[in-house]
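Participant: Dropping in model-v1.csv, which is CSV, C-alpha atoms and all ligand atoms:
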```csv
chain,number,residue,atom,x,y,z
A,1,MET,CA,27.7,-11.7,40.3
A,2,VAL,CA,30.0,-9.5,38.4
A,3,ALA,CA,29.1,-7.7,35.3
A,4,PHE,CA,32.3,-6.8,33.7
A,5,SER,CA,32.9,-5.4,30.3
A,6,SER,CA,36.2,-4.6,28.7
A,7,GLN,CA,35.0,-1.0,28.5
A,8,VAL,CA,34.5,-0.9,32.3
A,9,PHE,CA,37.9,-2.5,32.7
A,10,ALA,CA,39.6,0.0,30.3
A,11,ALA,CA,37.9,2.8,32.2
A,12,LEU,CA,39.1,1.5,35.5
A,13,LEU,CA,42.6,1.1,34.2
A,14,ALA,CA,42.5,4.6,32.8
A,15,ALA,CA,41.4,5.9,36.2
A,16,GLY,CA,44.4,4.1,37.8
A,17,VAL,CA,42.2,1.9,39.9
A,18,ALA,CA,44.0,-1.3,40.7
A,19,LEU,CA,41.8,-4.3,40.2
A,20,ALA,CA,42.4,-6.9,42.8
A,21,MET,CA,43.0,-10.5,41.9
A,22,PRO,CA,39.9,-12.7,42.4
A,23,VAL,CA,40.5,-15.4,44.9
A,24,GLU,CA,39.4,-18.9,45.2
A,25,GLU,CA,38.3,-20.0,48.6
A,26,LYS,CA,40.1,-23.2,49.3
A,27,ARG,CA,40.4,-25.4,52.3
A,28,GLN,CA,42.5,-28.5,53.0
A,29,ASP,CA,40.0,-30.2,55.3
A,30,ALA,CA,40.9,-33.8,55.6
A,31,GLY,CA,38.1,-35.9,54.2
A,32,CYS,CA,36.4,-32.6,53.1
A,33,THR,CA,33.9,-33.2,55.9
A,34,ASN,CA,32.2,-29.8,55.7
A,35,PRO,CA,32.4,-28.3,52.3
A,36,ILE,CA,28.9,-27.0,52.1
A,37,THR,CA,29.2,-24.7,55.1
A,38,ASP,CA,32.5,-23.3,54.0
A,39,LYS,CA,32.3,-19.7,53.2
A,40,GLU,CA,32.7,-19.6,49.5
A,41,SER,CA,31.8,-16.1,48.6
A,42,ARG,CA,34.1,-14.5,46.1
A,43,HIS,CA,36.2,-11.6,47.2
A,44,THR,CA,39.2,-9.9,45.8
A,45,LEU,CA,42.6,-10.2,47.4
A,46,THR,CA,43.8,-7.4,49.5
A,47,ASN,CA,47.4,-6.3,49.1
A,48,PRO,CA,48.5,-8.1,52.3
A,49,GLU,CA,46.8,-11.2,50.9
A,50,LYS,CA,48.6,-10.9,47.6
A,51,LYS,CA,51.9,-10.4,49.5
A,52,ALA,CA,51.2,-13.4,51.7
A,53,TYR,CA,50.9,-15.6,48.6
A,54,LEU,CA,54.0,-14.1,46.9
A,55,ASP,CA,56.0,-14.5,50.2
A,56,ALA,CA,55.0,-18.2,50.5
A,57,GLU,CA,56.2,-18.7,46.9
A,58,LEU,CA,59.5,-17.1,47.8
A,59,CYS,CA,59.7,-19.4,50.8
A,60,LEU,CA,59.3,-22.5,48.5
A,61,MET,CA,62.0,-21.0,46.3
A,62,SER,CA,64.3,-20.8,49.3
A,63,LYS,CA,63.9,-24.4,50.4
A,64,PRO,CA,66.0,-27.2,49.0
A,65,SER,CA,64.5,-29.7,46.6
A,66,VAL,CA,62.9,-32.7,48.2
A,67,LEU,CA,62.4,-34.8,45.1
A,68,GLY,CA,66.0,-34.4,43.9
A,69,LEU,CA,64.9,-35.2,40.4
A,70,ARG,CA,67.3,-34.1,37.8
A,71,GLY,CA,67.6,-30.3,37.4
A,72,SER,CA,65.7,-29.6,40.6
A,73,LYS,CA,67.5,-27.5,43.2
A,74,THR,CA,64.7,-25.9,45.2
A,75,ARG,CA,61.2,-27.0,46.4
A,76,PHE,CA,59.8,-24.6,43.8
A,77,ASP,CA,61.8,-26.4,41.1
A,78,ASP,CA,60.3,-29.7,42.2
A,79,PHE,CA,57.0,-28.7,40.7
A,80,GLN,CA,58.6,-27.5,37.5
A,81,VAL,CA,60.5,-30.8,37.1
A,82,ALA,CA,57.4,-32.9,37.9
A,83,HIS,CA,55.6,-31.0,35.2
A,84,ALA,CA,58.4,-31.5,32.7
A,85,LEU,CA,58.5,-35.2,33.3
A,86,LYS,CA,54.8,-35.4,32.6
A,87,THR,CA,54.6,-33.0,29.7
A,88,GLU,CA,54.1,-35.5,27.0
A,89,ILE,CA,51.2,-37.2,28.6
A,90,ALA,CA,49.6,-34.1,30.2
A,91,HIS,CA,48.9,-31.9,27.2
A,92,PHE,CA,46.6,-32.4,24.3
A,93,VAL,CA,45.3,-35.5,26.1
A,94,GLY,CA,42.3,-36.3,28.2
A,95,GLN,CA,44.0,-35.7,31.5
A,96,PHE,CA,45.0,-32.2,30.6
A,97,LEU,CA,42.4,-30.6,33.0
A,98,PRO,CA,42.6,-33.2,35.8
A,99,PHE,CA,46.4,-33.3,35.7
A,100,HIS,CA,46.6,-29.5,36.1
A,101,ARG,CA,44.0,-29.5,38.8
A,102,HIS,CA,46.0,-32.0,40.7
A,103,PHE,CA,49.2,-30.1,39.9
A,104,VAL,CA,48.0,-26.7,41.1
A,105,ALA,CA,46.6,-28.4,44.3
A,106,ALA,CA,50.0,-30.0,44.9
A,107,HIS,CA,51.8,-26.7,44.7
A,108,GLU,CA,49.2,-25.0,47.0
A,109,GLN,CA,49.5,-27.9,49.5
A,110,ALA,CA,53.3,-27.2,49.6
A,111,LEU,CA,52.7,-23.5,50.2
A,112,ARG,CA,50.5,-24.4,53.1
A,113,LYS,CA,52.4,-27.3,54.7
A,114,GLU,CA,55.9,-26.1,54.1
A,115,CYS,CA,55.6,-22.4,54.1
A,116,GLY,CA,52.7,-21.7,56.5
A,117,TYR,CA,50.5,-20.2,53.8
A,118,THR,CA,46.9,-19.8,55.1
A,119,GLY,CA,45.2,-17.9,52.3
A,120,ALA,CA,43.4,-19.2,49.2
A,121,GLN,CA,44.9,-20.2,45.9
A,122,PRO,CA,44.5,-17.1,43.7
A,123,TYR,CA,43.5,-17.4,40.1
A,124,TRP,CA,43.9,-14.8,37.4
A,125,GLU,CA,40.7,-14.3,35.6
A,126,GLU,CA,42.5,-13.4,32.4
A,127,THR,CA,39.3,-12.4,30.6
A,128,ARG,CA,39.7,-9.1,32.5
A,129,ASP,CA,43.0,-8.5,30.9
A,130,ALA,CA,42.5,-10.0,27.4
A,131,GLY,CA,44.4,-8.1,24.9
A,132,ALA,CA,46.2,-6.1,27.6
A,133,PHE,CA,48.2,-8.4,29.7
A,134,SER,CA,51.1,-5.9,29.7
A,135,LYS,CA,48.9,-3.6,31.9
A,136,SER,CA,47.6,-6.3,34.2
A,137,VAL,CA,47.7,-5.7,37.9
A,138,VAL,CA,48.8,-9.3,38.3
A,139,LEU,CA,52.1,-8.2,37.0
A,140,ASP,CA,52.5,-5.4,39.5
A,141,PRO,CA,56.0,-5.0,40.8
A,142,ILE,CA,55.1,-4.9,44.5
A,143,TYR,CA,51.9,-6.9,44.9
A,144,GLY,CA,52.1,-9.0,41.8
A,145,PHE,CA,54.5,-11.1,39.8
A,146,GLY,CA,56.6,-8.4,38.3
A,147,GLY,CA,56.6,-7.2,34.7
A,148,ASN,CA,58.0,-8.0,31.4
A,149,GLY,CA,61.4,-9.4,30.5
A,150,VAL,CA,64.0,-7.1,29.1
A,151,GLY,CA,66.9,-7.4,26.6
A,152,THR,CA,68.0,-10.4,24.7
A,153,LYS,CA,67.8,-12.7,27.7
A,154,GLN,CA,64.2,-11.5,28.5
A,155,CYS,CA,64.9,-11.6,32.2
A,156,ILE,CA,62.2,-10.0,34.4
A,157,GLN,CA,63.5,-7.0,36.1
A,158,ASP,CA,61.2,-6.3,39.0
A,159,GLY,CA,58.8,-8.0,41.3
A,160,PRO,CA,59.5,-10.5,44.0
A,161,PHE,CA,61.0,-13.1,41.6
A,162,ALA,CA,63.4,-10.9,39.7
A,163,ASN,CA,66.4,-12.6,41.1
A,164,TYR,CA,65.3,-16.2,41.1
A,165,THR,CA,67.5,-18.6,39.2
A,166,ASN,CA,65.5,-21.3,37.4
A,167,SER,CA,67.6,-24.5,37.1
A,168,LEU,CA,65.4,-26.1,34.4
A,169,GLY,CA,64.6,-25.0,31.0
A,170,PRO,CA,63.9,-24.0,28.4
A,171,GLY,CA,62.3,-27.3,27.8
A,172,TYR,CA,64.1,-30.2,29.2
A,173,LEU,CA,67.5,-28.5,29.5
A,174,VAL,CA,69.1,-28.4,32.9
A,175,ASN,CA,70.4,-24.9,32.8
A,176,ASP,CA,70.6,-21.9,35.2
A,177,HIS,CA,68.6,-18.9,33.9
A,178,CYS,CA,66.4,-16.1,35.0
A,179,ILE,CA,62.6,-16.1,34.8
A,180,GLU,CA,62.0,-14.9,31.3
A,181,ARG,CA,58.9,-13.1,29.9
A,182,ASP,CA,58.0,-11.7,26.5
A,183,ILE,CA,54.5,-10.4,26.9
A,184,ASN,CA,52.4,-10.4,23.8
A,185,ASP,CA,49.1,-8.5,24.2
A,186,ARG,CA,47.8,-9.9,20.9
A,187,PHE,CA,48.1,-13.5,22.0
A,188,SER,CA,46.4,-12.7,25.2
A,189,THR,CA,43.2,-11.8,23.3
A,190,SER,CA,42.2,-15.5,23.2
A,191,ALA,CA,41.3,-15.0,26.9
A,192,ALA,CA,38.4,-12.9,25.7
A,193,LYS,CA,35.0,-13.4,27.1
A,194,ALA,CA,33.6,-14.5,23.7
A,195,THR,CA,36.2,-17.3,23.5
A,196,VAL,CA,35.7,-18.4,27.1
A,197,ASP,CA,31.9,-18.4,26.6
A,198,ARG,CA,32.1,-20.5,23.5
A,199,CYS,CA,34.0,-23.1,25.5
A,200,LEU,CA,31.6,-22.9,28.4
A,201,ALA,CA,28.7,-23.6,26.0
A,202,MET,CA,30.2,-26.9,24.8
A,203,ASP,CA,28.1,-29.9,25.8
A,204,SER,CA,30.7,-32.6,26.5
A,205,PHE,CA,34.1,-33.0,28.0
A,206,LEU,CA,35.4,-34.1,24.6
A,207,THR,CA,34.6,-30.7,23.1
A,208,PHE,CA,35.0,-28.5,26.2
A,209,TRP,CA,38.6,-29.6,27.1
A,210,PRO,CA,40.2,-29.0,23.6
A,211,CYS,CA,38.3,-25.6,23.5
A,212,ILE,CA,39.9,-24.6,26.8
A,213,GLU,CA,43.3,-26.0,26.0
A,214,GLY,CA,43.5,-24.3,22.6
A,215,GLY,CA,42.0,-20.9,23.4
A,216,PRO,CA,42.1,-19.7,27.0
A,217,HIS,CA,45.0,-21.9,27.9
A,218,GLY,CA,47.0,-20.6,24.9
A,219,ALA,CA,46.2,-17.0,26.0
A,220,GLY,CA,47.9,-17.2,29.3
A,221,HIS,CA,51.0,-19.0,28.0
A,222,GLY,CA,51.3,-17.0,24.8
A,223,GLY,CA,50.4,-13.7,26.4
A,224,ILE,CA,53.1,-14.0,29.0
A,225,GLY,CA,55.6,-15.6,26.6
A,226,ALA,CA,59.1,-16.8,26.9
A,227,GLN,CA,59.3,-19.3,29.8
A,228,MET,CA,55.5,-19.5,30.0
A,229,VAL,CA,55.2,-20.5,26.4
A,230,ASN,CA,57.3,-23.5,26.8
A,231,PRO,CA,55.1,-26.6,27.3
A,232,VAL,CA,57.7,-28.4,29.4
A,233,SER,CA,59.3,-25.7,31.7
A,234,SER,CA,56.5,-23.2,32.0
A,235,PRO,CA,55.9,-23.7,35.7
A,236,GLY,CA,59.3,-22.0,36.2
A,237,ASP,CA,57.3,-18.8,36.0
A,238,PRO,CA,55.2,-18.6,39.2
A,239,VAL,CA,52.3,-16.9,37.4
A,240,PHE,CA,51.7,-20.4,35.8
A,241,PHE,CA,49.8,-21.4,38.9
A,242,LEU,CA,47.4,-18.5,38.7
A,243,HIS,CA,46.9,-19.2,35.0
A,244,HIS,CA,46.1,-22.8,35.5
A,245,ALA,CA,43.9,-22.1,38.5
A,246,TRP,CA,41.8,-19.9,36.2
A,247,LEU,CA,41.4,-22.8,33.7
A,248,ASP,CA,40.4,-24.9,36.7
A,249,TRP,CA,37.8,-22.4,37.7
A,250,LEU,CA,36.4,-22.5,34.2
A,251,TRP,CA,36.3,-26.3,34.3
A,252,ALA,CA,34.5,-26.1,37.7
A,253,LYS,CA,32.0,-23.6,36.2
A,254,TRP,CA,31.4,-25.9,33.2
A,255,GLN,CA,30.9,-28.9,35.5
A,256,ALA,CA,28.5,-27.0,37.7
A,257,LYS,CA,26.1,-26.6,34.8
A,258,ASP,CA,25.3,-30.3,34.9
A,259,PRO,CA,27.1,-31.7,37.9
A,260,ILE,CA,25.8,-35.3,37.9
A,261,ALA,CA,26.8,-35.9,34.4
A,262,ARG,CA,29.9,-33.7,34.3
A,263,PHE,CA,31.6,-35.0,37.5
A,264,ALA,CA,31.8,-38.2,35.6
A,265,ASP,CA,32.5,-36.9,32.1
A,266,VAL,CA,36.1,-37.4,31.0
A,267,GLY,CA,37.6,-38.9,27.9
A,268,GLY,CA,40.1,-38.3,25.1
A,269,ASN,CA,43.3,-40.0,24.2
A,270,ASN,CA,46.1,-40.7,26.7
A,271,ARG,CA,48.8,-40.0,24.2
A,272,GLY,CA,48.9,-37.3,21.6
A,273,GLY,CA,50.3,-37.6,18.1
A,274,ASP,CA,53.7,-36.3,17.5
A,275,TRP,CA,52.9,-32.7,18.2
A,276,LEU,CA,55.6,-32.5,20.9
A,277,LYS,CA,59.0,-32.7,19.4
A,278,CYS,CA,60.8,-31.3,22.5
A,279,LYS,CA,61.8,-34.5,24.1
A,280,ALA,CA,65.3,-33.3,23.6
A,281,ASN,CA,66.8,-35.0,26.7
A,282,PRO,CA,66.8,-38.7,26.6
A,283,SER,CA,67.4,-38.9,30.3
A,284,PHE,CA,63.8,-37.9,30.8
A,285,SER,CA,62.3,-41.3,30.2
A,286,GLU,CA,58.9,-41.6,28.7
A,287,PRO,CA,56.3,-41.4,31.4
A,288,LEU,CA,53.9,-44.3,32.0
A,289,VAL,CA,50.2,-44.1,31.7
A,290,VAL,CA,48.7,-46.0,34.6
A,291,GLY,CA,45.1,-46.9,35.4
A,292,ASP,CA,43.5,-47.0,32.0
A,293,PRO,CA,43.0,-50.1,29.9
A,294,GLY,CA,44.2,-48.4,26.7
A,295,ASN,CA,44.7,-45.1,24.9
A,296,THR,CA,41.5,-43.6,26.2
A,297,THR,CA,41.4,-41.5,29.4
A,298,THR,CA,39.0,-42.9,32.0
A,299,LEU,CA,38.0,-42.0,35.6
A,300,SER,CA,40.5,-44.7,36.8
A,301,HIS,CA,43.4,-42.9,35.2
A,302,LEU,CA,46.2,-42.4,37.8
A,303,LEU,CA,47.4,-38.9,38.5
A,304,TYR,CA,51.0,-39.4,39.6
A,305,LEU,CA,53.3,-36.5,40.4
A,306,TYR,CA,56.5,-38.1,41.6
A,307,GLY,CA,55.5,-37.8,45.2
A,308,VAL,CA,55.0,-34.0,45.4
A,309,ILE,CA,51.4,-34.9,46.3
A,310,GLU,CA,49.6,-38.2,46.9
A,311,ASN,CA,48.6,-40.2,43.9
A,312,ARG,CA,45.0,-39.7,42.9
A,313,THR,CA,42.7,-41.1,40.3
A,314,ILE,CA,40.9,-38.7,37.9
A,315,ALA,CA,37.7,-39.8,39.6
A,316,GLU,CA,39.0,-38.4,42.9
A,317,VAL,CA,39.5,-34.9,41.5
A,318,MET,CA,36.5,-34.5,39.3
A,319,ASP,CA,34.6,-32.7,42.1
A,320,THR,CA,36.8,-30.1,43.7
A,321,LYS,CA,34.9,-30.8,46.9
A,322,GLY,CA,36.3,-34.3,46.9
A,323,ALA,CA,39.8,-35.3,47.9
A,324,LEU,CA,41.3,-31.9,47.1
A,325,CYS,CA,38.5,-30.2,49.1
A,326,TYR,CA,38.1,-26.7,47.8
A,327,VAL,CA,35.3,-24.7,46.3
A,328,TYR,CA,35.0,-21.7,44.0
A,329,ASP,CA,32.5,-19.0,43.7
A,330,LEU,CA,31.3,-19.7,40.2
A,331,TYR,CA,30.1,-16.2,39.4
A,332,ASP,CA,29.3,-15.1,35.9
A,333,SER,CA,31.9,-12.9,34.4
B,401,LIG,C1,67.6,-8.3,42.8
B,401,LIG,O1,69.0,-8.0,42.8
B,401,LIG,C2,69.2,-6.6,42.6
B,401,LIG,C3,70.7,-6.4,42.5
B,401,LIG,O2,71.4,-7.1,43.5
B,401,LIG,C4,68.6,-5.9,43.8
B,401,LIG,O3,68.8,-4.5,43.6
B,401,LIG,C5,67.1,-6.2,43.9
B,401,LIG,O4,66.6,-5.6,45.0
B,401,LIG,C6,66.9,-7.6,44.0
B,401,LIG,N1,65.4,-7.9,43.9
B,401,LIG,C7,64.8,-8.7,44.6
B,401,LIG,C8,63.3,-8.8,44.4
B,401,LIG,O5,65.3,-9.4,45.5
B,402,LIG,C1,46.3,-42.4,21.0
B,402,LIG,O1,45.3,-41.6,20.3
B,402,LIG,C2,45.8,-40.5,19.7
B,402,LIG,C3,44.6,-39.7,19.2
B,402,LIG,O2,43.8,-40.4,18.4
B,402,LIG,C4,46.8,-40.8,18.6
B,402,LIG,O3,47.3,-39.7,18.0
B,402,LIG,C5,47.9,-41.6,19.2
B,402,LIG,O4,48.8,-42.1,18.2
B,402,LIG,C6,47.4,-42.9,20.0
B,402,LIG,N1,48.5,-43.5,20.6
B,402,LIG,C7,48.6,-44.8,20.8
B,402,LIG,C8,49.8,-45.3,21.5
B,402,LIG,O5,47.8,-45.6,20.3
B,403,LIG,C1,52.0,-43.7,42.9
B,403,LIG,O1,52.0,-44.2,41.5
B,403,LIG,C2,53.3,-44.5,41.0
B,403,LIG,C3,53.1,-44.8,39.5
B,403,LIG,O2,52.3,-45.9,39.3
B,403,LIG,C4,53.8,-45.7,41.8
B,403,LIG,O3,55.1,-46.0,41.3
B,403,LIG,C5,53.9,-45.3,43.3
B,403,LIG,O4,54.3,-46.3,44.1
B,403,LIG,C6,52.6,-44.8,43.8
B,403,LIG,N1,52.7,-44.2,45.1
B,403,LIG,C7,52.0,-44.6,46.1
B,403,LIG,C8,52.3,-44.1,47.5
B,403,LIG,O5,51.1,-45.5,46.0
B,404,CU,CU,51.1,-28.0,31.7
```
Can I see the file as structure tokens?
Facilitator:
Amino acid sequence: MVAFSSQVFAALLAAGVALAMPVEEKRQDAGCTNPITDKESRHTLTNPEKKAYLDAELCLMSKPSVLGLRGSKTRFDDFQVAHALKTEIAHFVGQFLPFHRHFVAAHEQALRKECGYTGAQPYWEETRDAGAFSKSVVLDPIYGFGGNGVGTKQCIQDGPFANYTNSLGPGYLVNDHCIERDINDRFSTSAAKATVDRCLAMDSFLTFWPCIEGGPHGAGHGGIGAQMVNPVSSPGDPVFFLHHAWLDWLWAKWQAKDPIARFADVGGNNRGGDWLKCKANPSFSEPLVVGDPGNTTTLSHLLYLYGVIENRTIAEVMDTKGALCYVYDLYDS
């Protein structure tokens, strides 16, 4: 239970108190045999825990691509490419939340299996930093993701990822570039508690999902800017995974208010209109929608990520304690 107001936060910031990142307790327990007795209490990451996550990410960045999909040079890039290939059918569609739940889990699984990571998947509760992303402890140069981009290229200058060369982006371009940021505190205001609470009060998936995608989702992408604001190549900024883990936490919170109904509540269209005009590279073929009878997203919809993680149906990821096997502390914030 955390009572947290922006005034308290501002006071803490002013006092120079570093707020730790909240952490999700997450276990990869085959079959999820024992989720109830998992210790699931919320705690904040210690500096060594933050460093362990950042180091595991650097490890993924140092390993060669396994998928070898176009543009992908490293294991880290594999996730960026898989996201790019799915962009058109993963945003402003019914699978937006399930797709990104599966996607964050895939990345976390690689951190564990390939880089020996043993901690939890952190999430960034952006409400705490709404309107003030530029001051967030998540962007700490030592125990965070580094700060803003600088100059016309907008390259980040500090933090563990300052020298990483992304090979994909912006958009579908295959192109070496730095990790770029262009922090916008004004855009980050849509992570505010009032916005989040309005979404959490929605009574069906069909109203909850667009509320999250438009408001809080937009806050993280627009508030960090540059690479993160690109719907195709945004996972090239590793802070993407903390942003989407927060949205996942919000979805889990919403589901927990009425679990029987909401673990089965999905819907929406499988394809958007023509909002996405960035299919600039014809070599990225149009992704297939598999598992649904038509243009409506159902529980049998296949979540397919080019082999970075097993295929799942949406039904299998509706409850985090299912195939993906993790739990959150769903405290009020
Ligand atoms: C990035 O490269 C610069 C220049 O070589 C170096 O000073 C800095 O320590 C490097 N940063 C990281 C995080 O590796
Ligand atoms: C699917 O539904 C969406 C939303 O109604 C619509 O914009 C899109 O054109 C439809 N696509 C197909 C292939 O029917
Ligand atoms: C996963 O789904 C894709 C797309 O339908 C399919 O091509 C692939 O064979 C599936 N993989 C497995 C292991 O079933
Ligand atoms: Cu996405």
Participant: Which of these, A:Phe240, A:Phe133, A:Tyr328, A:Phe145, has the shortest distance to ligand LIG 401 (chain B) once you count all atoms listed in the file?
Facilitator: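 When distances to ligand LIG 401 (chain B) are compared using all atoms listed in the file, the smallest one comes from A:Phe145.
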Participant: May I ask which of the residues A:Trp246, A:Phe96, A:Phe79, A:Tyr172 is the closest one to ligand CU 404 (chain B), counting only C-alpha atoms and all ligand atoms?
Facilitator: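 Nearest to ligand CU 404 (chain B): A:Phe96.
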Participant: Within 12 Å of ligand LIG 401 (chain B), which residues show up when you count all atoms listed in the file? List them as a PyMOL selection string, please.
Facilitator: chain A and resi 54-55+58+141-147+155-165+178
Participant: Set out as a Markdown table a contact list for chain A and ligand CU 404 (chain B) with a cut-off of 8 Å, giving each residue of chain A that qualifies its closest atom pair and distance in Å to one decimal, counting only C-alpha atoms and all ligand atoms, ordered by chain and rising residue number.
Facilitator:
```
| residue | atom | partner | partner_atom | distance |
| --- | --- | --- | --- | --- |
| A:His83 | CA | B:CU404 | CU | 6.4 |
| A:Thr87 | CA | B:CU404 | CU | 6.4 |
| A:Ala90 | CA | B:CU404 | CU | 6.5 |
| A:His91 | CA | B:CU404 | CU | 6.3 |
| A:Phe96 | CA | B:CU404 | CU | 7.5 |
| A:His100 | CA | B:CU404 | CU | 6.5 |
| A:Pro231 | CA | B:CU404 | CU | 6.1 |
| A:Val232 | CA | B:CU404 | CU | 7.0 |
| A:Ser234 | CA | B:CU404 | CU | 7.2 |
| A:Pro235 | CA | B:CU404 | CU | 7.6 |
```
Participant: Residues within 7 Å of ligand LIG 402 (chain B) (all atoms listed in the file), as a PDB file with C-alpha atoms, keeping the file's coordinate frame?
Facilitator:
```pdb
ATOM      1  CA  ASN A 269      43.300 -40.000  24.200  1.00  0.00           C
ATOM      2  CA  ASN A 270      46.100 -40.700  26.700  1.00  0.00           C
ATOM      3  CA  ARG A 271      48.800 -40.000  24.200  1.00  0.00           C
ATOM      4  CA  GLY A 272      48.900 -37.300  21.600  1.00  0.00           C
ATOM      5  CA  GLY A 273      50.300 -37.600  18.100  1.00  0.00           C
ATOM      6  CA  ASN A 295      44.700 -45.100  24.900  1.00  0.00           C
TER       7      ASN A 295
END
```
Participant: Need to verify the contact set: range 307-317 of chain A, 10 Å, all atoms listed in the file, exclusion of same-chain residues closer than 3 positions in sequence. Can you return it as an NGL selection string?
Facilitator: :A and (66-67 or 75 or 78-79 or 82 or 95 or 97-99 or 101-103 or 105-107 or 109-110 or 263-266 or 290-291 or 297-304 or 320-325)
Participant: Looking at all atoms listed in the file, which of A:Leu85, A:Ala192, A:Cys199, A:Leu168 is the one that sits closest to Arg128 in chain A?
Facilitator: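 Answer, going by the shortest atom-to-atom distance: A:Ala192.
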Participant: Tell me which of A:Gly131, A:Gly68, A:Pro48, A:Gly171 sits closest to Arg186 in chain A, counting only C-alpha atoms.
Facilitator: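 Among the listed residues, A:Gly131 lies closest to Arg186 in chain A.
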